[in-house]
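Trainee: Okay, handing you the structure first.
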Amino acid sequence: MTDGFSQSGKKKLREELRSQASGPCTHFQRNFILRGTIFGKLSTSVVLHCESPQEVAAVVRIEQEAMKSLTEGDIEECLLNKVDLRRQEISQAVEEVQKVIHCLTTEISHQDIRFQAVPYSGTYNGHIKVLAPSQFLVTVPVKGLAGYREARERRWRYYTLRGTRLPCPLRDPEGLQQWLGVEQFVKTLWQWHETDVNIEGDIVPAKVLQVFRKLVENAVRSCHLSGKVSLLADSAAVWVVMETSSGQVEIELAPTVEIPTAWSEKAQWPRCLKRWPPPERVECIKSFGFNLVARSNYHWQLSFSQAEQVLLEQLDEDGGCRRQCLQVMRQLKEDVWCPGKRPVITSYHLQTVLFWTCEKYPHPKDWQVFSKAFLRLVRKLHKCVSQHFLKHYFVPKSNLLQSANSSKLDSVAQKLAYFLKNPQIRLP
């Protein structure tokens, strides 16, 4: 059924209508109304299935009574039931993943001093990012690079990954990318000067990934995880597939240089005359620094995961519904708009949409009514997906959708457009 309302449900509705019950809204009526009227619309197919004018009038009366008796708590409870279930499932998967990752990276750190173990955490683990229910990004911290400073002199690179000489220089990094020279650190382990990761003074991410991949292969065998974890061979990055109690998950393991003592010059933030977040919070957020992640051949990728986590943790100190909007949007994205193992739109994209919207609408009053705030976010997401353009929050010159599959983006845009024409949240 297009409206998700079963024949048995319609039969039960007719029984309710015929009973012409008065008084407070019943549990069934409340669920029925919530199923189709979160954004003020009653399912037309239900009205069409009424058999008499009296039943139509009863439907209208049920809607009116239900909307009167519905409290904010009722709506929140029904909307977030599935979100809570997702959180529990994700928490279980994260628990299983981090146990395996901690085992693997501990073994890797014994094999090569340049890589640290990902710590096990009983609460939030900042090294594990859930991009989708079956897609994780794990940042593996490296060791022996301390006292970072920005490069002051520009130089051309003519090398290849094999060490041969190019007639023309390599392209300069753009957006979230940058070079990383060993001389940019005050203190370094001598191993970072070795040719297995270093070319002409640069620490080259592709070389680091080559070394790291071999270490992961060895660690899987040493930890006796061959039946549980396997490497994917069709990617320059290091991806593994892991069996969990809820099914397979794909995990990208990315060596990461953590730089907690500086803020990247590429991040021109905060922007002038912006009220979100408050100025006193900005300096706190910037004090967490940034990371450089090995995910490509020559250039390191900037990451601001800790700063973003602080922003998320302090979203609703004014009692707003920003986090709730993000959770519901993420649930709809995973169930309806963009499901799948490696979705073209991830939780990170939704988080970025939220940050930009918070900056544009900084006042508490903008986040008091869930339906208005939620539709505002979906409209922003639809605009970004339709235009294939979503600016990184801290480095706006970087388009997060630049390398995304255009046809998949168009498909998501169509689903979002349909939702905006008929904005209903149907609960199972």
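Just remember, in the structure tokens the first chain shown is A, the second B, etc., residues are 1-based per chain, and ligands are 1-based in the order shown.
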Need the shell around Tyr298 (chain A): protein/DNA/RNA residues with any atom at most 8 Å away, counting only C-alpha atoms. Skip same-chain ones fewer than 3 positions apart. Format as a PyMOL selection string?
Mentor: chain A and resi 179+204-206
Trainee: Can you pull out every residue from region 39-279 of chain A that DSSP, working from the backbone, puts in alpha helix (DSSP H), and format the result as a PyMOL selection string?
Mentor: chain A and resi 44-48+53-69+72-111+205-222+279
Trainee: Which is closer to Ser109 (chain A) than all the others in A:Asn218, A:Thr164, A:Gln306, A:Gln387, using only C-alpha atoms?
Mentor: A:Asn218
Trainee: Would you pick out the contacts of Gln402 (chain A) at 8 Å or less, using only C-alpha atoms, so that residues sharing its chain but fewer than 2 positions from it are not included, and give the list as number ranges by chain?
Mentor: A: 388-389, 399-400, 404
Trainee: With N, CA and C atoms retained, export the selected residues as a PDB file, in the first residue's frame.
Mentor:
```pdb
ATOM      1  N   HIS A 388      24.465  18.944  -6.590  1.00  0.00           N
ATOM      2  CA  HIS A 388      25.708  18.170  -6.447  1.00  0.00           C
ATOM      3  C   HIS A 388      26.777  19.011  -5.770  1.00  0.00           C
ATOM      4  N   PHE A 389      26.369  19.796  -4.788  1.00  0.00           N
ATOM      5  CA  PHE A 389      27.310  20.728  -4.169  1.00  0.00           C
ATOM      6  C   PHE A 389      26.973  20.906  -2.686  1.00  0.00           C
ATOM      7  N   ASN A 399      34.087  20.861  -1.896  1.00  0.00           N
ATOM      8  CA  ASN A 399      32.751  20.318  -2.177  1.00  0.00           C
ATOM      9  C   ASN A 399      32.724  18.840  -1.796  1.00  0.00           C
ATOM     10  N   LEU A 400      31.946  18.493  -0.785  1.00  0.00           N
ATOM     11  CA  LEU A 400      31.908  17.114  -0.298  1.00  0.00           C
ATOM     12  C   LEU A 400      31.250  16.155  -1.284  1.00  0.00           C
ATOM     13  N   ALA A 404      31.083  12.308  -5.920  1.00  0.00           N
ATOM     14  CA  ALA A 404      29.936  11.407  -5.766  1.00  0.00           C
ATOM     15  C   ALA A 404      29.346  11.041  -7.124  1.00  0.00           C
TER      16      ALA A 404
END
```
Trainee: Choose the residue, out of A:Arg171, A:Arg86, A:Arg323, A:His102, that has the smallest atom-to-atom separation from Ala117 (chain A); count only C-alpha atoms.
Mentor: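 Comparing A:Arg171, A:Arg86, A:Arg323, A:His102 against Ala117 (chain A), the winner is A:His102.
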Trainee: For Ala294 (chain A), which residue out of A:Val140, A:Ala262, A:Leu225, A:Leu375 is the nearest one, using only C-alpha atoms?
Mentor: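 Under the stated criterion, the closest residue is A:Val140.
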Trainee: Which is closer to Ser386 (chain A) than all the others in A:Gln116, A:Val344, A:His349, A:Ala413, using only C-alpha atoms?
Mentor: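 Distance minimum relative to Ser386 (chain A) lands on A:Ala413.
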Trainee: Between CA of Trp356 (chain A) and CA of Leu381 (chain A), what is the distance in Å, rounded to a tenth?
Mentor: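 A separation of 10.4 Å between them.
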Trainee: For CA of Asn125 (chain A) and CA of Cys284 (chain A), determine how far apart the two atoms are, in Å to one decimal place.
Mentor: 19.9 Å
Trainee: Which value, in Å to one decimal, gives the distance between CA of Gln248 (chain A) and CA of Leu232 (chain A)?
Mentor: 13.0 Å
Trainee: Just checking: using only C-alpha atoms, which residue out of A:Asp202, A:Glu258, A:Glu107, A:Glu283 ends up closest to Gly163 (chain A)?
Mentor: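 Using only C-alpha atoms, the shortest distance to Gly163 (chain A) belongs to A:Asp202.
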Trainee: List as a JSON list (two decimals) with N, CA and C atoms, in the first residue's frame the protein and nucleic acid residues near Arg221 (chain A), meaning an atom at most 10 Å away when only C-alpha atoms are counted, but skip any in the same chain fewer than 6 places from it.
Mentor:
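Written out: around-v9.json:
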```json
[["chain", "number", "residue", "atom", "x", "y", "z"],
["A", 104, "LEU", "N", 43.54, -5.72, 16.57],
["A", 104, "LEU", "CA", 44.38, -5.61, 15.38],
["A", 104, "LEU", "C", 45.43, -4.51, 15.52],
["A", 227, "GLY", "N", 38.75, -15.85, 9.98],
["A", 227, "GLY", "CA", 37.36, -16.23, 9.73],
["A", 227, "GLY", "C", 36.37, -15.13, 9.99],
["A", 229, "VAL", "N", 37.48, -11.45, 9.79],
["A", 229, "VAL", "CA", 37.89, -10.21, 9.12],
["A", 229, "VAL", "C", 38.63, -10.55, 7.84]]
```
Trainee: Using only C-alpha atoms, determine which residues lie at most 12 Å from Gln210 (chain A), disregarding the query and same-chain residues fewer than 5 positions distant; provide the list as a ChimeraX atom specification.
Mentor: /A:161,196-198,204-205,215-217,233,235-238,254-255,294-297
Trainee: Write out, as a PDB file, in the first residue's frame, the residues just selected, with N, CA, C and O atoms.
Mentor:
```pdb
ATOM      1  N   LEU A 161      55.124   7.662  -7.222  1.00  0.00           N
ATOM      2  CA  LEU A 161      55.130   6.761  -6.070  1.00  0.00           C
ATOM      3  C   LEU A 161      56.252   5.731  -6.181  1.00  0.00           C
ATOM      4  O   LEU A 161      56.698   5.189  -5.169  1.00  0.00           O
ATOM      5  N   ASP A 196      60.363   3.777   2.824  1.00  0.00           N
ATOM      6  CA  ASP A 196      59.101   3.042   2.677  1.00  0.00           C
ATOM      7  C   ASP A 196      57.892   3.957   2.829  1.00  0.00           C
ATOM      8  O   ASP A 196      56.786   3.626   2.377  1.00  0.00           O
ATOM      9  N   VAL A 197      58.087   5.168   3.413  1.00  0.00           N
ATOM     10  CA  VAL A 197      56.979   6.120   3.549  1.00  0.00           C
ATOM     11  C   VAL A 197      57.362   7.525   3.076  1.00  0.00           C
ATOM     12  O   VAL A 197      56.490   8.389   2.965  1.00  0.00           O
ATOM     13  N   ASN A 198      58.625   7.771   2.809  1.00  0.00           N
ATOM     14  CA  ASN A 198      59.110   9.125   2.548  1.00  0.00           C
ATOM     15  C   ASN A 198      59.699   9.229   1.139  1.00  0.00           C
ATOM     16  O   ASN A 198      60.499   8.390   0.720  1.00  0.00           O
ATOM     17  N   VAL A 204      54.370  10.411   2.318  1.00  0.00           N
ATOM     18  CA  VAL A 204      53.416  10.204   1.231  1.00  0.00           C
ATOM     19  C   VAL A 204      52.320   9.237   1.689  1.00  0.00           C
ATOM     20  O   VAL A 204      52.609   8.094   2.063  1.00  0.00           O
ATOM     21  N   PRO A 205      51.056   9.657   1.682  1.00  0.00           N
ATOM     22  CA  PRO A 205      49.981   8.807   2.204  1.00  0.00           C
ATOM     23  C   PRO A 205      49.860   7.450   1.510  1.00  0.00           C
ATOM     24  O   PRO A 205      49.597   6.444   2.166  1.00  0.00           O
ATOM     25  N   LEU A 215      50.727  -4.591   7.324  1.00  0.00           N
ATOM     26  CA  LEU A 215      50.627  -4.780   8.773  1.00  0.00           C
ATOM     27  C   LEU A 215      49.254  -5.319   9.163  1.00  0.00           C
ATOM     28  O   LEU A 215      49.139  -6.176  10.059  1.00  0.00           O
ATOM     29  N   VAL A 216      48.212  -4.836   8.509  1.00  0.00           N
ATOM     30  CA  VAL A 216      46.855  -5.325   8.792  1.00  0.00           C
ATOM     31  C   VAL A 216      46.732  -6.793   8.400  1.00  0.00           C
ATOM     32  O   VAL A 216      46.157  -7.611   9.145  1.00  0.00           O
ATOM     33  N   GLU A 217      47.255  -7.160   7.246  1.00  0.00           N
ATOM     34  CA  GLU A 217      47.219  -8.561   6.805  1.00  0.00           C
ATOM     35  C   GLU A 217      47.889  -9.472   7.828  1.00  0.00           C
ATOM     36  O   GLU A 217      47.352 -10.528   8.189  1.00  0.00           O
ATOM     37  N   ALA A 233      40.525  -5.941  -1.686  1.00  0.00           N
ATOM     38  CA  ALA A 233      41.730  -5.695  -2.481  1.00  0.00           C
ATOM     39  C   ALA A 233      41.527  -4.656  -3.578  1.00  0.00           C
ATOM     40  O   ALA A 233      42.485  -4.256  -4.235  1.00  0.00           O
ATOM     41  N   SER A 235      40.861  -1.442  -3.632  1.00  0.00           N
ATOM     42  CA  SER A 235      40.887  -0.048  -3.220  1.00  0.00           C
ATOM     43  C   SER A 235      42.286   0.348  -2.786  1.00  0.00           C
ATOM     44  O   SER A 235      43.020  -0.459  -2.208  1.00  0.00           O
ATOM     45  N   ALA A 236      42.662   1.620  -3.071  1.00  0.00           N
ATOM     46  CA  ALA A 236      43.955   2.120  -2.608  1.00  0.00           C
ATOM     47  C   ALA A 236      43.943   2.297  -1.103  1.00  0.00           C
ATOM     48  O   ALA A 236      44.962   2.116  -0.430  1.00  0.00           O
ATOM     49  N   ALA A 237      42.786   2.658  -0.548  1.00  0.00           N
ATOM     50  CA  ALA A 237      42.628   2.746   0.899  1.00  0.00           C
ATOM     51  C   ALA A 237      42.556   1.339   1.487  1.00  0.00           C
ATOM     52  O   ALA A 237      42.399   0.348   0.766  1.00  0.00           O
ATOM     53  N   VAL A 238      42.660   1.249   2.797  1.00  0.00           N
ATOM     54  CA  VAL A 238      42.630  -0.057   3.472  1.00  0.00           C
ATOM     55  C   VAL A 238      41.217  -0.299   4.003  1.00  0.00           C
ATOM     56  O   VAL A 238      40.792   0.318   4.976  1.00  0.00           O
ATOM     57  N   ALA A 254      42.148   4.085   8.427  1.00  0.00           N
ATOM     58  CA  ALA A 254      42.915   5.194   7.865  1.00  0.00           C
ATOM     59  C   ALA A 254      43.963   5.695   8.846  1.00  0.00           C
ATOM     60  O   ALA A 254      43.613   6.268   9.889  1.00  0.00           O
ATOM     61  N   PRO A 255      45.252   5.513   8.552  1.00  0.00           N
ATOM     62  CA  PRO A 255      46.301   6.111   9.390  1.00  0.00           C
ATOM     63  C   PRO A 255      46.118   7.621   9.477  1.00  0.00           C
ATOM     64  O   PRO A 255      45.850   8.282   8.466  1.00  0.00           O
ATOM     65  N   ALA A 294      45.284   9.653   5.939  1.00  0.00           N
ATOM     66  CA  ALA A 294      45.814   9.035   4.716  1.00  0.00           C
ATOM     67  C   ALA A 294      44.682   8.307   3.987  1.00  0.00           C
ATOM     68  O   ALA A 294      44.254   7.227   4.396  1.00  0.00           O
ATOM     69  N   ARG A 295      44.206   8.940   2.884  1.00  0.00           N
ATOM     70  CA  ARG A 295      43.108   8.328   2.128  1.00  0.00           C
ATOM     71  C   ARG A 295      43.315   8.439   0.620  1.00  0.00           C
ATOM     72  O   ARG A 295      42.439   8.044  -0.153  1.00  0.00           O
ATOM     73  N   SER A 296      44.455   9.002   0.196  1.00  0.00           N
ATOM     74  CA  SER A 296      44.696   9.166  -1.241  1.00  0.00           C
ATOM     75  C   SER A 296      46.172   8.939  -1.539  1.00  0.00           C
ATOM     76  O   SER A 296      46.926   8.488  -0.672  1.00  0.00           O
ATOM     77  N   ASN A 297      46.612   9.281  -2.748  1.00  0.00           N
ATOM     78  CA  ASN A 297      47.977   8.967  -3.153  1.00  0.00           C
ATOM     79  C   ASN A 297      49.021   9.935  -2.603  1.00  0.00           C
ATOM     80  O   ASN A 297      49.924   9.553  -1.858  1.00  0.00           O
TER      81      ASN A 297
END
```
Trainee: For Glu95 (chain A), please output as a list of chain:residue names all residues within 9 Å (counting only C-alpha atoms; exclusion window: fewer than 5 positions along the same chain).
Mentor: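 Counting only C-alpha atoms, the residues come to A:Ile90, A:Val100, A:Ser121, A:Gly122.
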Trainee: With distances taken over only C-alpha atoms, which of A:Ser347, A:Thr352, A:Ser371, A:Gln327 is nearest to Leu85 (chain A)?
Mentor: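 The shortest atom-to-atom distance to Leu85 (chain A) comes from A:Gln327.
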